[in-house]
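Visitor: This is the structure, below, for whatever I ask next.
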Amino acid sequence: MKAMEWHWPKNLEEFTRLLKEEGALIHAGGTAIREERIKSAVHIIDMSCLSLNYVKKQDGVWHIGATAVLNDVIDAFEGAHGDRLLVKALKNTATTPLRNRITVGGSVFLSPLWSNLMGPLLALEAEVEVVGKLNGMYKYEDLLSKKAEFQGSAIREVRFSDKKIMHYFDRFARTATDYSAFTVTIAFAVEKDVVKDAKIIVTGCKKIYERLSQAETKVIGKKLKELTPEDILEGANVEFANKPAGSGAYLAEVSKVFLCRGLEALGRAR
Amino acid sequence: MKANFKINGKTFEFEFPPHAKLLDVLRENGFTEVKCGCREGFCGACSVLLDGKLVNSCMIYAASAKDREITTVKKIGTLHEPHPIQEAFVEAGAVQCGYCTPGMVLATYTLLERNPNPTDEEIKEALDGNFCRCTGYVKIIDAVKLAAEKVKEND
């Protein structure tokens, strides 16, 4: 068996060439890759020399490089007084030293529930720029639904518009440092107290995520003060598997409580 | 494989297996002030600063930290010339067995660099990756507040 080798490509051309090697494993810099996986790789391609550790806003669009870490995103958004949805989600992710290491690229590509990024990025209609086998811009939603097609590719950048939205994010976990059992994200685009666009997303359920499209339709066109959570959520049924944090039935009930809380909070926030 | 690391201001070349964690490479080369705790990134005993940022060295492959600047608690202060943060931990009675203390001191150091006047909430947030299983956290939070005062006096 060929000995394992680490590579530190200095530019994207070198990086994409290395991606084609058999047994290549991408290391964006984070903490998700287990030692057994590292041992079984032939080529480990470390992205840390690619100068992708940026978070910036250009022409009303946020650009987050793949090797930016979660705390870089929190700092940039807090500093820019930008939208706090990502800040709220990421501050509930792992701990300070882990957030100094977990990268956006790895978290988006793997989209583990514990990163709390999935709901907010779906709500923000994020896009990802990928390099490798696939090249170009893709909807984050596509990355989640067609993950197998993205094997052999790597995230270069995550982008989303700096839209003004009202939002609610919460997660259910047994303790503050526990992994999320599920997350609830609600985002409204509002003009003169009227909801123009709505995203209501639950992650951690039986599907990778659920968008409550019917509930979204009921909200659009309504004034914030007219929102009645029970009516909006009538018929909404998110299914969960049993988890350490509770049975599927229990989590389904708790997720409804979170959804009600979120809708009530946004209704009051007008 | 071999790689260079700049540790506490000096450059070292170490040889290690390609899958080795930074924690093990540091300890095997004499930096035993970096403590080995949970090996899962939860307890913070193995905290070091990597290019100035607080990280869990048990969660970092040594190869991915090559040519980077690593700071251990020994760079912050010594037994004979302790840093005001270390003095504060002693004075506040925030040290019992001491195993978590190097990580706590480094977490406090990075906090006070960014925020010289932290609130209790900000202290809890900054130390959320460092566990103590002896004293509890009341005296540790007292120590961070005392440290903030001492650091300001020293500036």
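Ligands are numbered from 1 in the order shown, chains are lettered A, B, ... in the order of the structure tokens, and residues start at 1 in each chain.
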What lies within 9 Å of Lys75 (chain B) using only C-alpha atoms, ignoring chain neighbours under 5 positions off, as a list in words?
Guide: Ile7, Asn8 and Gly9 of chain B
Visitor: Those same residues - C-alpha atoms - I'd like them written as a JSON list (two decimals), in the first residue's frame.
Guide:
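Wrote selection-v7.json, looks like this:
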[["chain", "number", "residue", "atom", "x", "y", "z"],
["B", 7, "ILE", "CA", 6.61, 27.12, 19.47],
["B", 8, "ASN", "CA", 6.78, 29.90, 22.05],
["B", 9, "GLY", "CA", 8.95, 31.94, 19.69]]
Visitor: Find the residues around Ala66 (chain A) up to 8 Å (only C-alpha atoms counted), leave out those fewer than 2 positions away in its own chain, and share them as a PyMOL selection string.
Guide: chain A and resi 28+52-53+64+68+103-106+155-158
Visitor: Take the residues that were just selected and, keeping C-alpha atoms, output them as a CSV table (one decimal), in the first residue's frame.
Guide:
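Written output follows (result26.csv):
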chain,number,residue,atom,x,y,z
A,28,ALA,CA,-10.3,22.1,5.1
A,52,LEU,CA,-9.7,31.2,1.5
A,53,ASN,CA,-10.1,32.3,5.1
A,64,ILE,CA,-17.3,33.4,3.0
A,68,ALA,CA,-12.9,30.8,7.3
A,103,THR,CA,-14.3,25.7,8.9
A,104,VAL,CA,-17.3,26.9,6.9
A,105,GLY,CA,-16.2,24.8,3.9
A,106,GLY,CA,-16.2,21.6,5.8
A,155,ILE,CA,-16.4,24.1,-1.6
A,156,ARG,CA,-14.4,27.2,-2.5
A,157,GLU,CA,-16.9,29.9,-1.2
A,158,VAL,CA,-20.3,30.3,0.2
Visitor: Show me, as a list in words, the residues that have an atom within 10 Å of Cys134 (chain B) when counting only C-alpha atoms, minus same-chain residues fewer than 5 positions from it.
Guide: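 Surrounding residues, per the criterion: Ala94, Val95, Gln96, Cys97, Gly98, Tyr99 and Cys100 of chain B.
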Visitor: Would you save the residues of that selection, restricted to C-alpha atoms, as a PDB file, in the first residue's frame?
Guide:
ATOM      1  CA  ALA B  94      -9.233  29.059  41.254  1.00  0.00           C
ATOM      2  CA  VAL B  95      -6.712  26.215  41.192  1.00  0.00           C
ATOM      3  CA  GLN B  96      -7.269  22.897  42.876  1.00  0.00           C
ATOM      4  CA  CYS B  97      -5.659  19.963  41.071  1.00  0.00           C
ATOM      5  CA  GLY B  98      -4.367  22.364  38.405  1.00  0.00           C
ATOM      6  CA  TYR B  99      -4.889  20.070  35.436  1.00  0.00           C
ATOM      7  CA  CYS B 100      -7.301  22.420  33.674  1.00  0.00           C
TER       8      CYS B 100
END
Visitor: Using only C-alpha atoms, find the residues of chain B whose closest atom to chain A is at most 8 Å away, then write them as a PyMOL selection string.
Guide: chain B and resi 18-19+41-42+44+47+53-56+59-60+63-64+125-129
Visitor: Create the file for the chosen residues now, containing N, CA and C atoms and written as a PDB file, in the first residue's frame.
Guide:
ATOM      1  N   PRO B  18       2.115  10.639  10.010  1.00  0.00           N
ATOM      2  CA  PRO B  18       1.244  11.598   9.314  1.00  0.00           C
ATOM      3  C   PRO B  18      -0.125  11.782   9.956  1.00  0.00           C
ATOM      4  N   HIS B  19      -0.555  10.809  10.788  1.00  0.00           N
ATOM      5  CA  HIS B  19      -1.871  10.941  11.419  1.00  0.00           C
ATOM      6  C   HIS B  19      -1.768  11.467  12.860  1.00  0.00           C
ATOM      7  N   GLY B  41     -11.955  16.980  22.213  1.00  0.00           N
ATOM      8  CA  GLY B  41     -12.252  18.394  21.982  1.00  0.00           C
ATOM      9  C   GLY B  41     -13.278  18.979  22.921  1.00  0.00           C
ATOM     10  N   PHE B  42     -13.524  18.321  24.050  1.00  0.00           N
ATOM     11  CA  PHE B  42     -14.536  18.845  24.962  1.00  0.00           C
ATOM     12  C   PHE B  42     -13.946  19.547  26.184  1.00  0.00           C
ATOM     13  N   GLY B  44     -10.735  20.896  26.990  1.00  0.00           N
ATOM     14  CA  GLY B  44      -9.880  22.081  26.902  1.00  0.00           C
ATOM     15  C   GLY B  44      -8.566  21.976  27.647  1.00  0.00           C
ATOM     16  N   SER B  47      -5.506  22.846  25.496  1.00  0.00           N
ATOM     17  CA  SER B  47      -5.558  24.127  24.770  1.00  0.00           C
ATOM     18  C   SER B  47      -4.173  24.686  24.475  1.00  0.00           C
ATOM     19  N   LYS B  53      -4.960  31.992  18.139  1.00  0.00           N
ATOM     20  CA  LYS B  53      -6.344  31.586  18.431  1.00  0.00           C
ATOM     21  C   LYS B  53      -6.362  30.353  19.333  1.00  0.00           C
ATOM     22  N   LEU B  54      -7.278  30.372  20.292  1.00  0.00           N
ATOM     23  CA  LEU B  54      -7.398  29.247  21.218  1.00  0.00           C
ATOM     24  C   LEU B  54      -7.959  28.028  20.484  1.00  0.00           C
ATOM     25  N   VAL B  55      -7.257  26.898  20.563  1.00  0.00           N
ATOM     26  CA  VAL B  55      -7.719  25.664  19.898  1.00  0.00           C
ATOM     27  C   VAL B  55      -7.460  24.468  20.805  1.00  0.00           C
ATOM     28  N   ASN B  56      -8.127  23.366  20.492  1.00  0.00           N
ATOM     29  CA  ASN B  56      -7.883  22.097  21.193  1.00  0.00           C
ATOM     30  C   ASN B  56      -6.822  21.329  20.404  1.00  0.00           C
ATOM     31  N   MET B  59      -7.505  17.952  18.711  1.00  0.00           N
ATOM     32  CA  MET B  59      -8.380  17.871  17.534  1.00  0.00           C
ATOM     33  C   MET B  59      -7.663  18.322  16.264  1.00  0.00           C
ATOM     34  N   ILE B  60      -6.367  18.546  16.368  1.00  0.00           N
ATOM     35  CA  ILE B  60      -5.630  19.098  15.228  1.00  0.00           C
ATOM     36  C   ILE B  60      -4.559  18.106  14.795  1.00  0.00           C
ATOM     37  N   ALA B  63       0.319  17.676  11.170  1.00  0.00           N
ATOM     38  CA  ALA B  63       0.718  18.059   9.812  1.00  0.00           C
ATOM     39  C   ALA B  63       0.022  19.341   9.374  1.00  0.00           C
ATOM     40  N   SER B  64      -1.207  19.529   9.828  1.00  0.00           N
ATOM     41  CA  SER B  64      -1.966  20.711   9.393  1.00  0.00           C
ATOM     42  C   SER B  64      -1.533  21.963  10.147  1.00  0.00           C
ATOM     43  N   GLU B 125     -18.783  32.540  28.171  1.00  0.00           N
ATOM     44  CA  GLU B 125     -18.739  32.194  26.749  1.00  0.00           C
ATOM     45  C   GLU B 125     -17.303  31.880  26.314  1.00  0.00           C
ATOM     46  N   ALA B 126     -16.357  32.709  26.766  1.00  0.00           N
ATOM     47  CA  ALA B 126     -14.955  32.525  26.352  1.00  0.00           C
ATOM     48  C   ALA B 126     -14.360  31.252  26.934  1.00  0.00           C
ATOM     49  N   LEU B 127     -14.848  30.846  28.119  1.00  0.00           N
ATOM     50  CA  LEU B 127     -14.302  29.657  28.779  1.00  0.00           C
ATOM     51  C   LEU B 127     -15.204  28.433  28.567  1.00  0.00           C
ATOM     52  N   ASP B 128     -16.102  28.512  27.581  1.00  0.00           N
ATOM     53  CA  ASP B 128     -17.066  27.415  27.411  1.00  0.00           C
ATOM     54  C   ASP B 128     -16.419  26.103  26.950  1.00  0.00           C
ATOM     55  N   GLY B 129     -15.187  26.170  26.474  1.00  0.00           N
ATOM     56  CA  GLY B 129     -14.518  24.945  26.029  1.00  0.00           C
ATOM     57  C   GLY B 129     -13.506  24.425  27.031  1.00  0.00           C
TER      58      GLY B 129
END
Visitor: Considering only C-alpha atoms, return as a list of chain:residue names whatever protein or nucleic-acid residues lie within 12 Å of Arg174 (chain A), sequence-local ones (same chain, fewer than 5 positions apart) excluded.
Guide: A:Tyr179, A:Ser180, A:Ala181, A:Phe182, A:Lys243, A:Pro244, A:Ala245, A:Gly246, A:Leu251
Visitor: Within 8 Å of Met1 (chain B), counting only C-alpha atoms, which residues show up once you throw out same-chain ones fewer than 4 positions away? Write them as a VMD selection string, please.
Guide: chain B and resid 15 to 18
Visitor: With only C-alpha atoms as the counted atoms, please give the residues lying no more than 12 Å from Lys35 (chain B), apart from itself and same-chain residues fewer than 6 positions off, as a ChimeraX atom specification.
Guide: /B:22-24,26-28,43-48,56-58,72-73,98-104,130
Visitor: How many Å separate CA of Ser255 (chain A) from CA of Ile220 (chain A)?
Guide: 21.4 Å
Visitor: What are the DSSP helix (DSSP H, G or I) residues of chain B, as a PyMOL selection string?
Guide: chain B and resi 22-28+57-59+62-65+73-76+84-91+101-114+120-126+138-154
Visitor: Would you mind listing what lies within 12 Å of Ala154 (chain A) as number ranges by chain, with only C-alpha atoms counted and same-chain residues fewer than 6 positions away left out?
Guide: A: 12, 15-16, 18-20, 24-28, 45-47, 65-67, 104-110, 128-138, 143, 147
Visitor: Put those residues in a file: N, CA and C atoms, as a tab-separated table (two decimals), in the first residue's frame.
Guide:
chain	number	residue	atom	x	y	z
A	12	LEU	N	-5.37	27.30	-6.57
A	12	LEU	CA	-6.52	26.45	-6.91
A	12	LEU	C	-6.20	25.45	-8.02
A	15	PHE	N	-4.53	22.65	-6.43
A	15	PHE	CA	-5.53	21.98	-5.58
A	15	PHE	C	-6.44	21.07	-6.43
A	16	THR	N	-6.97	21.60	-7.53
A	16	THR	CA	-7.89	20.81	-8.36
A	16	THR	C	-7.15	19.65	-9.02
A	18	LEU	N	-4.67	17.98	-7.65
A	18	LEU	CA	-4.51	16.97	-6.60
A	18	LEU	C	-5.83	16.26	-6.30
A	19	LEU	N	-6.95	16.98	-6.46
A	19	LEU	CA	-8.27	16.37	-6.19
A	19	LEU	C	-8.53	15.16	-7.08
A	20	LYS	N	-7.89	15.14	-8.23
A	20	LYS	CA	-8.11	14.03	-9.17
A	20	LYS	C	-7.36	12.77	-8.77
A	24	ALA	N	-7.78	10.63	-2.64
A	24	ALA	CA	-7.55	11.98	-2.11
A	24	ALA	C	-8.61	12.32	-1.06
A	25	LEU	N	-8.16	12.94	0.00
A	25	LEU	CA	-9.07	13.37	1.07
A	25	LEU	C	-8.81	14.85	1.34
A	26	ILE	N	-9.88	15.64	1.33
A	26	ILE	CA	-9.71	17.08	1.55
A	26	ILE	C	-9.74	17.39	3.04
A	27	HIS	N	-8.78	18.16	3.49
A	27	HIS	CA	-8.74	18.61	4.88
A	27	HIS	C	-8.84	20.13	4.86
A	28	ALA	N	-10.04	20.63	5.18
A	28	ALA	CA	-10.25	22.08	5.12
A	28	ALA	C	-9.64	22.78	6.33
A	45	ILE	N	-5.22	16.46	1.22
A	45	ILE	CA	-4.99	17.77	0.60
A	45	ILE	C	-5.45	18.84	1.57
A	46	ASP	N	-4.49	19.52	2.14
A	46	ASP	CA	-4.78	20.54	3.15
A	46	ASP	C	-5.03	21.88	2.45
A	47	MET	N	-6.17	22.50	2.78
A	47	MET	CA	-6.56	23.73	2.07
A	47	MET	C	-6.04	25.00	2.74
A	65	GLY	N	-15.14	32.43	2.53
A	65	GLY	CA	-14.20	31.46	1.98
A	65	GLY	C	-14.27	30.14	2.73
A	66	ALA	N	-13.87	29.08	2.06
A	66	ALA	CA	-14.02	27.73	2.63
A	66	ALA	C	-13.25	27.52	3.92
A	67	THR	N	-12.10	28.19	4.06
A	67	THR	CA	-11.31	27.92	5.26
A	67	THR	C	-11.54	28.96	6.37
A	104	VAL	N	-15.99	26.78	7.59
A	104	VAL	CA	-17.27	26.91	6.90
A	104	VAL	C	-17.34	25.91	5.74
A	105	GLY	N	-16.24	25.76	5.00
A	105	GLY	CA	-16.24	24.84	3.85
A	105	GLY	C	-16.58	23.42	4.26
A	106	GLY	N	-15.91	22.93	5.30
A	106	GLY	CA	-16.17	21.57	5.78
A	106	GLY	C	-17.58	21.44	6.31
A	107	SER	N	-18.02	22.45	7.07
A	107	SER	CA	-19.37	22.39	7.66
A	107	SER	C	-20.45	22.41	6.59
A	108	VAL	N	-20.23	23.17	5.53
A	108	VAL	CA	-21.23	23.24	4.46
A	108	VAL	C	-21.20	21.96	3.64
A	109	PHE	N	-20.02	21.46	3.34
A	109	PHE	CA	-19.94	20.25	2.51
A	109	PHE	C	-20.54	19.04	3.24
A	110	LEU	N	-20.18	18.90	4.51
A	110	LEU	CA	-20.68	17.74	5.27
A	110	LEU	C	-22.07	18.02	5.83
A	128	VAL	N	-23.25	27.91	-3.29
A	128	VAL	CA	-21.87	27.49	-3.03
A	128	VAL	C	-21.09	27.47	-4.34
A	129	GLU	N	-19.87	27.95	-4.27
A	129	GLU	CA	-18.99	27.81	-5.44
A	129	GLU	C	-18.12	26.59	-5.19
A	130	VAL	N	-18.14	25.65	-6.12
A	130	VAL	CA	-17.35	24.43	-5.94
A	130	VAL	C	-16.29	24.33	-7.03
A	131	VAL	N	-15.21	23.64	-6.68
A	131	VAL	CA	-14.16	23.35	-7.65
A	131	VAL	C	-13.87	21.86	-7.60
A	132	GLY	N	-13.27	21.35	-8.66
A	132	GLY	CA	-12.96	19.92	-8.71
A	132	GLY	C	-13.76	19.26	-9.81
A	133	LYS	N	-14.38	18.11	-9.49
A	133	LYS	CA	-15.16	17.38	-10.49
A	133	LYS	C	-16.28	18.27	-11.04
A	134	LEU	N	-16.96	18.95	-10.13
A	134	LEU	CA	-17.93	19.97	-10.56
A	134	LEU	C	-17.27	21.32	-10.40
A	135	ASN	N	-17.63	22.24	-11.25
A	135	ASN	CA	-17.08	23.58	-11.18
A	135	ASN	C	-18.19	24.59	-11.36
A	136	GLY	N	-18.25	25.58	-10.49
A	136	GLY	CA	-19.25	26.63	-10.69
A	136	GLY	C	-20.09	26.87	-9.46
A	137	MET	N	-21.17	27.65	-9.65
A	137	MET	CA	-22.06	28.01	-8.55
A	137	MET	C	-23.26	27.06	-8.51
A	138	TYR	N	-23.61	26.62	-7.33
A	138	TYR	CA	-24.77	25.74	-7.14
A	138	TYR	C	-25.57	26.23	-5.94
A	143	LEU	N	-26.81	21.05	-3.21
A	143	LEU	CA	-25.72	20.30	-2.56
A	143	LEU	C	-26.29	19.31	-1.55
A	147	LYS	N	-26.03	15.12	-2.88
A	147	LYS	CA	-24.69	15.11	-2.30
A	147	LYS	C	-23.70	14.23	-3.07
Visitor: In Å to one decimal, how far is CA of Thr228 (chain A) from CA of Phe258 (chain A)?
Guide: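 Distance reported for this atom pair: 14.1 Å.
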Visitor: Go through B:Lys139, B:Arg39, B:Lys10, B:Lys21 one by one, measure the shortest atom-to-atom distance of each to Glu91 (chain B) using only C-alpha atoms, and give the residue with the smallest value.
Guide: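 For Glu91 (chain B), the nearest of the candidates is B:Lys139.
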Visitor: Could you please write out, as a count of residues only, every residue of region 1-117 of chain B that DSSP assigns to strand (DSSP E or B)?
Guide: 25
Visitor: Using CA of Thr185 (chain A) and CA of Ala249 (chain A) as the two end points, give the distance in Å to one decimal.
Guide: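 Computed distance, CA of Thr185 (chain A) to CA of Ala249 (chain A), equals 20.1 Å.
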